[in-house]
$ cat run-v1.pdb   # PDB, C-alpha atoms and all ligand atoms
ATOM      1  CA  MET Y   1       0.981  12.036  21.275  1.00  0.00           C
ATOM      2  CA  ILE Y   2       0.793  11.107  17.605  1.00  0.00           C
ATOM      3  CA  GLY Y   3       4.312  12.370  17.033  1.00  0.00           C
ATOM      4  CA  ALA Y   4       5.578  10.386  20.007  1.00  0.00           C
ATOM      5  CA  GLN Y   5       3.844   7.253  18.743  1.00  0.00           C
ATOM      6  CA  ILE Y   6       5.520   7.568  15.354  1.00  0.00           C
ATOM      7  CA  GLN Y   7       8.904   8.196  16.924  1.00  0.00           C
ATOM      8  CA  LYS Y   8       8.564   5.179  19.153  1.00  0.00           C
ATOM      9  CA  LEU Y   9       7.464   3.010  16.252  1.00  0.00           C
ATOM     10  CA  THR Y  10      10.189   4.117  13.855  1.00  0.00           C
ATOM     11  CA  GLU Y  11      12.937   3.774  16.479  1.00  0.00           C
ATOM     12  CA  ASP Y  12      12.264   0.068  16.649  1.00  0.00           C
ATOM     13  CA  LEU Y  13      11.995  -0.475  12.887  1.00  0.00           C
ATOM     14  CA  PRO Y  14      14.845  -1.867  10.813  1.00  0.00           C
ATOM     15  CA  GLN Y  15      16.456   0.845   8.636  1.00  0.00           C
ATOM     16  CA  ASP Y  16      15.022  -0.450   5.370  1.00  0.00           C
ATOM     17  CA  VAL Y  17      11.402  -0.524   6.524  1.00  0.00           C
ATOM     18  CA  THR Y  18       9.170   2.370   5.447  1.00  0.00           C
ATOM     19  CA  LEU Y  19       6.300   3.299   7.706  1.00  0.00           C
ATOM     20  CA  VAL Y  20       3.139   4.430   5.937  1.00  0.00           C
ATOM     21  CA  ALA Y  21       0.982   6.193   8.507  1.00  0.00           C
ATOM     22  CA  VAL Y  22      -2.601   5.273   7.685  1.00  0.00           C
ATOM     23  CA  SER Y  23      -4.592   8.429   8.348  1.00  0.00           C
ATOM     24  CA  LYS Y  24      -7.986   7.373   6.967  1.00  0.00           C
ATOM     25  CA  THR Y  25     -10.944   8.919   8.824  1.00  0.00           C
ATOM     26  CA  LYS Y  26      -8.532  11.100  10.836  1.00  0.00           C
ATOM     27  CA  PRO Y  27      -8.589  14.907  10.617  1.00  0.00           C
ATOM     28  CA  ASN Y  28      -5.928  17.072   9.009  1.00  0.00           C
ATOM     29  CA  SER Y  29      -4.746  18.132  12.458  1.00  0.00           C
ATOM     30  CA  ALA Y  30      -3.654  14.547  13.185  1.00  0.00           C
ATOM     31  CA  ILE Y  31      -1.668  14.408   9.949  1.00  0.00           C
ATOM     32  CA  GLU Y  32      -0.134  17.801  10.663  1.00  0.00           C
ATOM     33  CA  GLU Y  33       1.081  16.529  14.000  1.00  0.00           C
ATOM     34  CA  ALA Y  34       2.893  13.649  12.314  1.00  0.00           C
ATOM     35  CA  TYR Y  35       4.122  15.958   9.560  1.00  0.00           C
ATOM     36  CA  GLY Y  36       5.518  18.259  12.206  1.00  0.00           C
ATOM     37  CA  ILE Y  37       7.999  15.658  13.388  1.00  0.00           C
ATOM     38  CA  GLY Y  38       9.082  15.007   9.803  1.00  0.00           C
ATOM     39  CA  HIS Y  39       6.833  12.176   8.732  1.00  0.00           C
ATOM     40  CA  ARG Y  40       5.934  12.280   5.029  1.00  0.00           C
ATOM     41  CA  ASP Y  41       4.319   8.962   4.038  1.00  0.00           C
ATOM     42  CA  PHE Y  42       0.577   8.771   4.603  1.00  0.00           C
ATOM     43  CA  GLY Y  43      -1.983   6.218   3.476  1.00  0.00           C
ATOM     44  CA  GLU Y  44      -5.665   6.639   2.684  1.00  0.00           C
ATOM     45  CA  ASN Y  45      -8.227   4.203   1.358  1.00  0.00           C
ATOM     46  CA  LYS Y  46     -10.925   6.509  -0.020  1.00  0.00           C
ATOM     47  CA  VAL Y  47     -10.271   8.565  -3.123  1.00  0.00           C
ATOM     48  CA  GLN Y  48     -12.424  11.514  -2.125  1.00  0.00           C
ATOM     49  CA  GLU Y  49     -10.836  11.784   1.306  1.00  0.00           C
ATOM     50  CA  LEU Y  50      -7.372  11.395  -0.169  1.00  0.00           C
ATOM     51  CA  CYS Y  51      -7.941  14.170  -2.715  1.00  0.00           C
ATOM     52  CA  GLN Y  52      -9.348  16.555  -0.169  1.00  0.00           C
ATOM     53  CA  LYS Y  53      -6.482  16.028   2.250  1.00  0.00           C
ATOM     54  CA  ALA Y  54      -3.911  16.308  -0.520  1.00  0.00           C
ATOM     55  CA  GLU Y  55      -5.392  19.643  -1.511  1.00  0.00           C
ATOM     56  CA  GLU Y  56      -5.396  21.020   2.012  1.00  0.00           C
ATOM     57  CA  LEU Y  57      -2.086  19.685   3.327  1.00  0.00           C
ATOM     58  CA  PRO Y  58       1.558  20.367   2.354  1.00  0.00           C
ATOM     59  CA  ASN Y  59       2.430  19.129  -1.114  1.00  0.00           C
ATOM     60  CA  ASP Y  60       5.614  17.300  -0.152  1.00  0.00           C
ATOM     61  CA  ILE Y  61       3.494  14.596   1.499  1.00  0.00           C
ATOM     62  CA  ARG Y  62       3.807  11.231  -0.238  1.00  0.00           C
ATOM     63  CA  TRP Y  63       0.246   9.933  -0.564  1.00  0.00           C
ATOM     64  CA  HIS Y  64      -0.266   6.182  -0.673  1.00  0.00           C
ATOM     65  CA  MET Y  65      -3.557   4.800  -1.967  1.00  0.00           C
ATOM     66  CA  ILE Y  66      -3.888   1.653   0.121  1.00  0.00           C
ATOM     67  CA  GLY Y  67      -7.462   0.444  -0.241  1.00  0.00           C
ATOM     68  CA  HIS Y  68      -9.493  -1.123  -2.973  1.00  0.00           C
ATOM     69  CA  LEU Y  69      -9.455   1.330  -5.884  1.00  0.00           C
ATOM     70  CA  GLN Y  70     -12.324   1.674  -8.340  1.00  0.00           C
ATOM     71  CA  ARG Y  71     -11.377   2.226 -11.949  1.00  0.00           C
ATOM     72  CA  ASN Y  72     -13.593   5.284 -12.427  1.00  0.00           C
ATOM     73  CA  LYS Y  73     -11.768   7.064  -9.601  1.00  0.00           C
ATOM     74  CA  VAL Y  74      -8.188   6.600 -10.766  1.00  0.00           C
ATOM     75  CA  LYS Y  75      -8.309   9.888 -12.668  1.00  0.00           C
ATOM     76  CA  TYR Y  76      -8.663  11.907  -9.481  1.00  0.00           C
ATOM     77  CA  ILE Y  77      -5.478  10.641  -7.853  1.00  0.00           C
ATOM     78  CA  ALA Y  78      -3.387  10.063 -10.993  1.00  0.00           C
ATOM     79  CA  PRO Y  79      -1.841  13.565 -11.042  1.00  0.00           C
ATOM     80  CA  PHE Y  80      -0.184  13.290  -7.643  1.00  0.00           C
ATOM     81  CA  VAL Y  81      -0.406   9.857  -5.987  1.00  0.00           C
ATOM     82  CA  HIS Y  82       2.968   8.502  -4.792  1.00  0.00           C
ATOM     83  CA  LEU Y  83       2.165   4.789  -4.775  1.00  0.00           C
ATOM     84  CA  ILE Y  84      -0.956   2.716  -5.410  1.00  0.00           C
ATOM     85  CA  HIS Y  85      -0.771  -0.373  -3.196  1.00  0.00           C
ATOM     86  CA  GLY Y  86      -3.766  -2.495  -4.077  1.00  0.00           C
ATOM     87  CA  VAL Y  87      -3.738  -3.171  -7.809  1.00  0.00           C
ATOM     88  CA  ASP Y  88      -5.911  -6.249  -8.025  1.00  0.00           C
ATOM     89  CA  SER Y  89      -7.019  -6.521 -11.656  1.00  0.00           C
ATOM     90  CA  GLU Y  90      -5.602  -6.038 -15.129  1.00  0.00           C
ATOM     91  CA  LYS Y  91      -8.465  -3.675 -15.946  1.00  0.00           C
ATOM     92  CA  LEU Y  92      -7.411  -1.444 -13.079  1.00  0.00           C
ATOM     93  CA  LEU Y  93      -3.814  -1.527 -14.273  1.00  0.00           C
ATOM     94  CA  THR Y  94      -4.991  -0.577 -17.769  1.00  0.00           C
ATOM     95  CA  GLU Y  95      -6.847   2.425 -16.366  1.00  0.00           C
ATOM     96  CA  ILE Y  96      -3.893   3.549 -14.225  1.00  0.00           C
ATOM     97  CA  ASN Y  97      -1.711   3.333 -17.329  1.00  0.00           C
ATOM     98  CA  LYS Y  98      -4.189   5.461 -19.290  1.00  0.00           C
ATOM     99  CA  GLN Y  99      -4.362   8.108 -16.576  1.00  0.00           C
ATOM    100  CA  GLY Y 100      -0.585   8.019 -16.170  1.00  0.00           C
ATOM    101  CA  ALA Y 101      -0.243   8.822 -19.867  1.00  0.00           C
ATOM    102  CA  LYS Y 102      -2.770  11.669 -19.618  1.00  0.00           C
ATOM    103  CA  ASN Y 103      -0.787  13.161 -16.759  1.00  0.00           C
ATOM    104  CA  ASN Y 104       2.508  12.616 -18.472  1.00  0.00           C
ATOM    105  CA  ARG Y 105       3.899  10.476 -15.693  1.00  0.00           C
ATOM    106  CA  VAL Y 106       4.758   6.930 -14.775  1.00  0.00           C
ATOM    107  CA  ILE Y 107       2.711   5.819 -11.768  1.00  0.00           C
ATOM    108  CA  ASP Y 108       4.285   3.424  -9.264  1.00  0.00           C
ATOM    109  CA  VAL Y 109       2.069   0.539  -8.215  1.00  0.00           C
ATOM    110  CA  LEU Y 110       2.147  -2.599  -6.126  1.00  0.00           C
ATOM    111  CA  ILE Y 111       0.426  -5.765  -7.265  1.00  0.00           C
ATOM    112  CA  GLN Y 112      -1.871  -7.133  -4.590  1.00  0.00           C
ATOM    113  CA  LEU Y 113      -1.635 -10.864  -4.180  1.00  0.00           C
ATOM    114  CA  HIS Y 114      -4.325 -12.895  -2.548  1.00  0.00           C
ATOM    115  CA  ILE Y 115      -2.507 -14.525   0.356  1.00  0.00           C
ATOM    116  CA  ALA Y 116      -5.255 -14.747   2.967  1.00  0.00           C
ATOM    117  CA  GLU Y 117      -6.722 -18.178   3.405  1.00  0.00           C
ATOM    118  CA  GLU Y 118     -10.087 -16.488   4.004  1.00  0.00           C
ATOM    119  CA  SER Y 119     -11.934 -15.757   0.757  1.00  0.00           C
ATOM    120  CA  SER Y 120     -13.005 -12.134   1.226  1.00  0.00           C
ATOM    121  CA  LYS Y 121      -9.805 -10.322   0.289  1.00  0.00           C
ATOM    122  CA  PHE Y 122      -8.978  -8.875  -3.115  1.00  0.00           C
ATOM    123  CA  GLY Y 123      -5.949  -9.793  -5.138  1.00  0.00           C
ATOM    124  CA  PHE Y 124      -4.260 -11.806  -7.876  1.00  0.00           C
ATOM    125  CA  SER Y 125      -3.238 -15.408  -7.641  1.00  0.00           C
ATOM    126  CA  TYR Y 126       0.424 -16.221  -8.190  1.00  0.00           C
ATOM    127  CA  GLU Y 127      -0.282 -17.403 -11.756  1.00  0.00           C
ATOM    128  CA  GLU Y 128      -2.269 -14.281 -12.647  1.00  0.00           C
ATOM    129  CA  ALA Y 129       0.461 -12.038 -11.302  1.00  0.00           C
ATOM    130  CA  GLU Y 130       3.086 -13.952 -13.263  1.00  0.00           C
ATOM    131  CA  ALA Y 131       1.056 -13.409 -16.455  1.00  0.00           C
ATOM    132  CA  LEU Y 132       0.728  -9.736 -15.643  1.00  0.00           C
ATOM    133  CA  PHE Y 133       4.493  -9.328 -15.311  1.00  0.00           C
ATOM    134  CA  THR Y 134       4.901 -10.954 -18.702  1.00  0.00           C
ATOM    135  CA  ASN Y 135       2.579  -8.354 -20.263  1.00  0.00           C
ATOM    136  CA  GLN Y 136       4.132  -5.473 -18.378  1.00  0.00           C
ATOM    137  CA  ASN Y 137       5.361  -3.655 -21.480  1.00  0.00           C
ATOM    138  CA  GLN Y 138       1.731  -2.988 -22.454  1.00  0.00           C
ATOM    139  CA  PHE Y 139       1.691  -0.511 -19.606  1.00  0.00           C
ATOM    140  CA  PRO Y 140       4.453   2.052 -20.249  1.00  0.00           C
ATOM    141  CA  ASN Y 141       2.943   4.596 -17.850  1.00  0.00           C
ATOM    142  CA  VAL Y 142       2.889   2.207 -14.930  1.00  0.00           C
ATOM    143  CA  ARG Y 143       5.863   0.859 -13.007  1.00  0.00           C
ATOM    144  CA  ILE Y 144       5.271  -2.249 -10.948  1.00  0.00           C
ATOM    145  CA  VAL Y 145       7.651  -1.705  -8.034  1.00  0.00           C
ATOM    146  CA  GLY Y 146       6.538  -4.444  -5.679  1.00  0.00           C
ATOM    147  CA  LEU Y 147       3.898  -6.573  -4.056  1.00  0.00           C
ATOM    148  CA  MET Y 148       1.257  -6.003  -1.409  1.00  0.00           C
ATOM    149  CA  GLY Y 149      -0.772  -8.402   0.665  1.00  0.00           C
ATOM    150  CA  MET Y 150      -3.086  -8.637   3.623  1.00  0.00           C
ATOM    151  CA  ALA Y 151      -3.202 -11.546   5.991  1.00  0.00           C
ATOM    152  CA  THR Y 152      -6.390 -13.070   7.289  1.00  0.00           C
ATOM    153  CA  PHE Y 153      -7.972 -11.149  10.156  1.00  0.00           C
ATOM    154  CA  THR Y 154      -7.315 -13.677  12.888  1.00  0.00           C
ATOM    155  CA  GLU Y 155      -5.646 -14.132  16.253  1.00  0.00           C
ATOM    156  CA  ASP Y 156      -3.799 -17.145  14.880  1.00  0.00           C
ATOM    157  CA  LYS Y 157      -0.219 -15.904  14.577  1.00  0.00           C
ATOM    158  CA  THR Y 158       0.979 -19.080  12.900  1.00  0.00           C
ATOM    159  CA  GLN Y 159      -1.536 -18.576  10.132  1.00  0.00           C
ATOM    160  CA  ILE Y 160      -0.601 -14.914   9.692  1.00  0.00           C
ATOM    161  CA  LYS Y 161       3.062 -15.871   9.527  1.00  0.00           C
ATOM    162  CA  ARG Y 162       2.359 -18.583   6.975  1.00  0.00           C
ATOM    163  CA  GLU Y 163       0.460 -16.134   4.760  1.00  0.00           C
ATOM    164  CA  PHE Y 164       3.145 -13.439   4.970  1.00  0.00           C
ATOM    165  CA  GLU Y 165       5.853 -15.955   4.231  1.00  0.00           C
ATOM    166  CA  THR Y 166       3.974 -17.102   1.143  1.00  0.00           C
ATOM    167  CA  LEU Y 167       3.983 -13.549  -0.179  1.00  0.00           C
ATOM    168  CA  SER Y 168       7.602 -13.054   0.801  1.00  0.00           C
ATOM    169  CA  THR Y 169       8.566 -16.151  -1.159  1.00  0.00           C
ATOM    170  CA  PHE Y 170       6.888 -14.799  -4.311  1.00  0.00           C
ATOM    171  CA  TYR Y 171       8.602 -11.479  -3.764  1.00  0.00           C
ATOM    172  CA  ASN Y 172      12.031 -13.058  -3.423  1.00  0.00           C
ATOM    173  CA  THR Y 173      11.427 -15.226  -6.467  1.00  0.00           C
ATOM    174  CA  TRP Y 174      10.537 -12.250  -8.667  1.00  0.00           C
ATOM    175  CA  LYS Y 175      12.540  -9.458  -7.074  1.00  0.00           C
ATOM    176  CA  ALA Y 176      15.708  -9.517  -9.163  1.00  0.00           C
ATOM    177  CA  GLN Y 177      14.181 -10.383 -12.517  1.00  0.00           C
ATOM    178  CA  LYS Y 178      11.235  -7.980 -12.312  1.00  0.00           C
ATOM    179  CA  GLU Y 179      13.161  -5.220 -10.531  1.00  0.00           C
ATOM    180  CA  LEU Y 180      10.918  -5.090  -7.486  1.00  0.00           C
ATOM    181  CA  SER Y 181      11.955  -3.197  -4.374  1.00  0.00           C
ATOM    182  CA  ILE Y 182       8.851  -2.949  -2.183  1.00  0.00           C
ATOM    183  CA  LEU Y 183       7.075  -5.616  -0.183  1.00  0.00           C
ATOM    184  CA  SER Y 184       4.095  -3.967   1.524  1.00  0.00           C
ATOM    185  CA  MET Y 185       2.644  -6.083   4.297  1.00  0.00           C
ATOM    186  CA  GLY Y 186       1.826  -5.576   7.946  1.00  0.00           C
ATOM    187  CA  MET Y 187      -0.683  -3.429   9.849  1.00  0.00           C
ATOM    188  CA  SER Y 188      -1.084  -2.392  13.493  1.00  0.00           C
ATOM    189  CA  ASN Y 189      -1.832  -5.865  14.779  1.00  0.00           C
ATOM    190  CA  ASP Y 190       0.567  -7.898  12.655  1.00  0.00           C
ATOM    191  CA  TYR Y 191       3.449  -5.697  11.528  1.00  0.00           C
ATOM    192  CA  PRO Y 192       6.132  -7.380  13.690  1.00  0.00           C
ATOM    193  CA  ILE Y 193       5.301 -10.724  12.069  1.00  0.00           C
ATOM    194  CA  ALA Y 194       5.314  -9.042   8.649  1.00  0.00           C
ATOM    195  CA  ILE Y 195       8.771  -7.553   9.205  1.00  0.00           C
ATOM    196  CA  ALA Y 196      10.114 -10.865  10.479  1.00  0.00           C
ATOM    197  CA  SER Y 197       8.770 -12.358   7.246  1.00  0.00           C
ATOM    198  CA  GLY Y 198      10.580  -9.808   5.049  1.00  0.00           C
ATOM    199  CA  SER Y 199       8.260  -6.816   4.727  1.00  0.00           C
ATOM    200  CA  ASN Y 200       9.921  -3.483   3.974  1.00  0.00           C
ATOM    201  CA  MET Y 201       6.791  -1.311   3.999  1.00  0.00           C
ATOM    202  CA  ILE Y 202       4.209  -1.406   6.767  1.00  0.00           C
ATOM    203  CA  ARG Y 203       0.832   0.336   6.782  1.00  0.00           C
ATOM    204  CA  VAL Y 204      -0.028   1.314  10.331  1.00  0.00           C
ATOM    205  CA  GLY Y 205      -3.125   3.270  11.344  1.00  0.00           C
ATOM    206  CA  SER Y 206      -4.757   2.698  14.711  1.00  0.00           C
ATOM    207  CA  LEU Y 207      -1.493   2.141  16.559  1.00  0.00           C
ATOM    208  CA  ILE Y 208      -0.448   5.690  15.623  1.00  0.00           C
ATOM    209  CA  PHE Y 209      -3.687   7.642  15.445  1.00  0.00           C
ATOM    210  CA  GLY Y 210      -5.851   5.683  17.849  1.00  0.00           C
ATOM    211  CA  ARG Y 211      -8.885   3.642  17.060  1.00  0.00           C
ATOM    212  CA  ARG Y 212     -11.212   4.627  14.245  1.00  0.00           C
ATOM    213  CA  ASN Y 213     -14.930   5.094  14.782  1.00  0.00           C
TER     214      ASN Y 213
HETATM  215  C1  LIG S   1      -6.876   0.575   7.367  1.00  0.00           C
HETATM  216  C2  LIG S   1      -5.799  -0.144   6.643  1.00  0.00           C
HETATM  217  C3  LIG S   1      -4.548  -0.332   7.243  1.00  0.00           C
HETATM  218  C4  LIG S   1      -4.217   0.100   8.658  1.00  0.00           C
HETATM  219  O1  LIG S   1      -4.933  -0.641   9.590  1.00  0.00           O
HETATM  220  P1  LIG S   1      -4.613  -0.540  11.168  1.00  0.00           P
HETATM  221  O2  LIG S   1      -5.107  -1.816  11.700  1.00  0.00           O
HETATM  222  O3  LIG S   1      -5.372   0.640  11.659  1.00  0.00           O
HETATM  223  O4  LIG S   1      -3.159  -0.374  11.312  1.00  0.00           O
HETATM  224  C5  LIG S   1      -3.575  -0.970   6.493  1.00  0.00           C
HETATM  225  N1  LIG S   1      -3.801  -1.396   5.246  1.00  0.00           N
HETATM  226  C6  LIG S   1      -4.988  -1.233   4.629  1.00  0.00           C
HETATM  227  C7  LIG S   1      -5.165  -1.726   3.242  1.00  0.00           C
HETATM  228  C8  LIG S   1      -6.031  -0.612   5.315  1.00  0.00           C
HETATM  229  O5  LIG S   1      -7.209  -0.448   4.706  1.00  0.00           O
END

$ encode --input "run-v1.pdb" --output "structure tokens" --more "lines below"
Ligand SMILES: *Cc1c(COP(=O)(O)O)cnc(C)c1O
Amino acid sequence: MIGAQIQKLTEDLPQDVTLVAVSKTKPNSAIEEAYGIGHRDFGENKVQELCQKAEELPNDIRWHMIGHLQRNKVKYIAPFVHLIHGVDSEKLLTEINKQGAKNNRVIDVLIQLHIAEESSKFGFSYEEAEALFTNQNQFPNVRIVGLMGMATFTEDKTQIKREFETLSTFYNTWKAQKELSILSMGMSNDYPIAIASGSNMIRVGSLIFGRRN
């Protein structure tokens, strides 16, 4: 069933859109089912769960850290993480850079921008992100490859669209100059709007794996 869900979803996606299957709270067997049909990109939002799954599952899986990341936990995922989506402070970026250096690698990250009109979501403002790009060379072991954002949790599709389009505009403004290639936005309930607004990486959980408890 999980495999069929992924196949159905990816068939309808534009070629350039990457599907990150969000497997948080789901057992290894669910991931193995998706892996079995060739899926390799999985997202988790808890460091401990991510590390445990990474240890137990095949090592060609590309692990995406999608949730809010605490600085003191970066060290656990630094050796292997494929992409960190939610970088929302300069202190966190500094720590990722430090752990990247320790592990002799350059870690790919996305800068999370605060696009939701509701106040509870993490992320940089446009101005803060701009400043961060200017100081990018202070972080040689980090590569900022794109932007990430979450829309307000609402039924109001016009609002969701407006928020995604705001992020897309920033992305298009910075893309060439800052060498960005990933715009991560869209989840189970809003990914079609996200893609229509220019997203090229969607993070989909419940639509693939079923509802979480
Ligand atoms: C859980 C989560 C998702 C996936 O949510 P679904 O609604 O299950 O698709 C996407 N992005 C982030 C940051 C999440 O925490």

$ atom_distance --input "run-v1.pdb" --atom1 "atom CA of Leu147 of chain Y" --atom2 "atom CA of Gln112 of chain Y"
5.8 Å

$ resolve_selection --input "run-v1.pdb" --expression "the PyMOL selection byres (((chain Y and resi 2-8) around 9) and not hetatm)" --output "VMD selection string"
chain Y and resid 1 9 to 12 19 21 30 to 31 33 to 37 39 207 to 210

$ residues_near_ligand --input "run-v1.pdb" --ligand "ligand LIG 1 (chain S)" --cutoff "6 Å" --atoms "only C-alpha atoms and all ligand atoms" --output "MDAnalysis selection string"
chainID Y and resid 22 45 66:67 187:188 203:206

$ closest_residue --input "run-v1.pdb" --among "Y:Ala151, Y:Ile107, Y:Ile77, Y:Leu167" --to "Ala129 of chain Y" --atoms "only C-alpha atoms"
Y:Leu167

$ closest_residue --input "run-v1.pdb" --among "Y:Asn189, Y:Asn103, Y:His114, Y:Asp16" --to "Glu155 of chain Y" --atoms "all atoms listed in the file"
Y:Asn189

$ build_atoms --input "run-v1.pdb" --residues "segment 126-154 of chain Y" --atoms "N, CA and C atoms" --output "compact mmCIF listing (two decimals), keeping the file's coordinate frame"
# COMPACT_ATOMS: atom_id res chain seq x y z
N TYR Y 126 -0.96 -16.20 -7.73
CA TYR Y 126 0.42 -16.22 -8.19
C TYR Y 126 0.50 -16.31 -9.73
N GLU Y 127 -0.30 -17.19 -10.30
CA GLU Y 127 -0.28 -17.40 -11.76
C GLU Y 127 -0.72 -16.15 -12.50
N GLU Y 128 -1.78 -15.50 -12.00
CA GLU Y 128 -2.27 -14.28 -12.65
C GLU Y 128 -1.21 -13.18 -12.59
N ALA Y 129 -0.56 -13.07 -11.45
CA ALA Y 129 0.46 -12.04 -11.30
C ALA Y 129 1.63 -12.30 -12.25
N GLU Y 130 2.01 -13.55 -12.35
CA GLU Y 130 3.09 -13.95 -13.26
C GLU Y 130 2.75 -13.53 -14.69
N ALA Y 131 1.50 -13.78 -15.11
CA ALA Y 131 1.06 -13.41 -16.45
C ALA Y 131 1.10 -11.90 -16.64
N LEU Y 132 0.73 -11.19 -15.60
CA LEU Y 132 0.73 -9.74 -15.64
C LEU Y 132 2.14 -9.19 -15.85
N PHE Y 133 3.10 -9.75 -15.14
CA PHE Y 133 4.49 -9.33 -15.31
C PHE Y 133 4.96 -9.56 -16.75
N THR Y 134 4.51 -10.63 -17.33
CA THR Y 134 4.90 -10.95 -18.70
C THR Y 134 4.37 -9.90 -19.68
N ASN Y 135 3.19 -9.36 -19.37
CA ASN Y 135 2.58 -8.35 -20.26
C ASN Y 135 2.90 -6.91 -19.87
N GLN Y 136 3.85 -6.77 -18.97
CA GLN Y 136 4.13 -5.47 -18.38
C GLN Y 136 4.39 -4.36 -19.38
N ASN Y 137 5.00 -4.71 -20.51
CA ASN Y 137 5.36 -3.66 -21.48
C ASN Y 137 4.15 -3.04 -22.18
N GLN Y 138 2.97 -3.62 -21.94
CA GLN Y 138 1.73 -2.99 -22.45
C GLN Y 138 1.36 -1.76 -21.63
N PHE Y 139 2.06 -1.60 -20.53
CA PHE Y 139 1.69 -0.51 -19.61
C PHE Y 139 2.89 0.43 -19.37
N PRO Y 140 3.25 1.21 -20.37
CA PRO Y 140 4.45 2.05 -20.25
C PRO Y 140 4.33 3.16 -19.21
N ASN Y 141 3.11 3.53 -18.84
CA ASN Y 141 2.94 4.60 -17.85
C ASN Y 141 2.66 4.09 -16.44
N VAL Y 142 2.99 2.80 -16.25
CA VAL Y 142 2.89 2.21 -14.93
C VAL Y 142 4.21 1.52 -14.64
N ARG Y 143 4.69 1.63 -13.41
CA ARG Y 143 5.86 0.86 -13.01
C ARG Y 143 5.48 -0.02 -11.82
N ILE Y 144 5.56 -1.32 -12.05
CA ILE Y 144 5.27 -2.25 -10.95
C ILE Y 144 6.53 -2.34 -10.09
N VAL Y 145 6.45 -1.77 -8.88
CA VAL Y 145 7.65 -1.70 -8.03
C VAL Y 145 7.65 -2.72 -6.89
N GLY Y 146 6.55 -3.46 -6.76
CA GLY Y 146 6.54 -4.44 -5.68
C GLY Y 146 5.20 -5.13 -5.50
N LEU Y 147 5.09 -5.78 -4.37
CA LEU Y 147 3.90 -6.57 -4.06
C LEU Y 147 3.28 -6.11 -2.74
N MET Y 148 1.98 -6.34 -2.63
CA MET Y 148 1.26 -6.00 -1.41
C MET Y 148 0.34 -7.16 -1.05
N GLY Y 149 0.15 -7.36 0.25
CA GLY Y 149 -0.77 -8.40 0.66
C GLY Y 149 -1.32 -8.14 2.05
N MET Y 150 -2.47 -8.73 2.30
CA MET Y 150 -3.09 -8.64 3.62
C MET Y 150 -3.36 -10.04 4.15
N ALA Y 151 -2.97 -10.24 5.39
CA ALA Y 151 -3.20 -11.55 5.99
C ALA Y 151 -4.65 -11.64 6.47
N THR Y 152 -5.06 -12.84 6.72
CA THR Y 152 -6.39 -13.07 7.29
C THR Y 152 -6.52 -12.32 8.62
N PHE Y 153 -7.73 -11.80 8.88
CA PHE Y 153 -7.97 -11.15 10.16
C PHE Y 153 -8.24 -12.24 11.19
N THR Y 154 -7.20 -12.57 11.93
CA THR Y 154 -7.32 -13.68 12.89
C THR Y 154 -6.32 -13.49 14.03
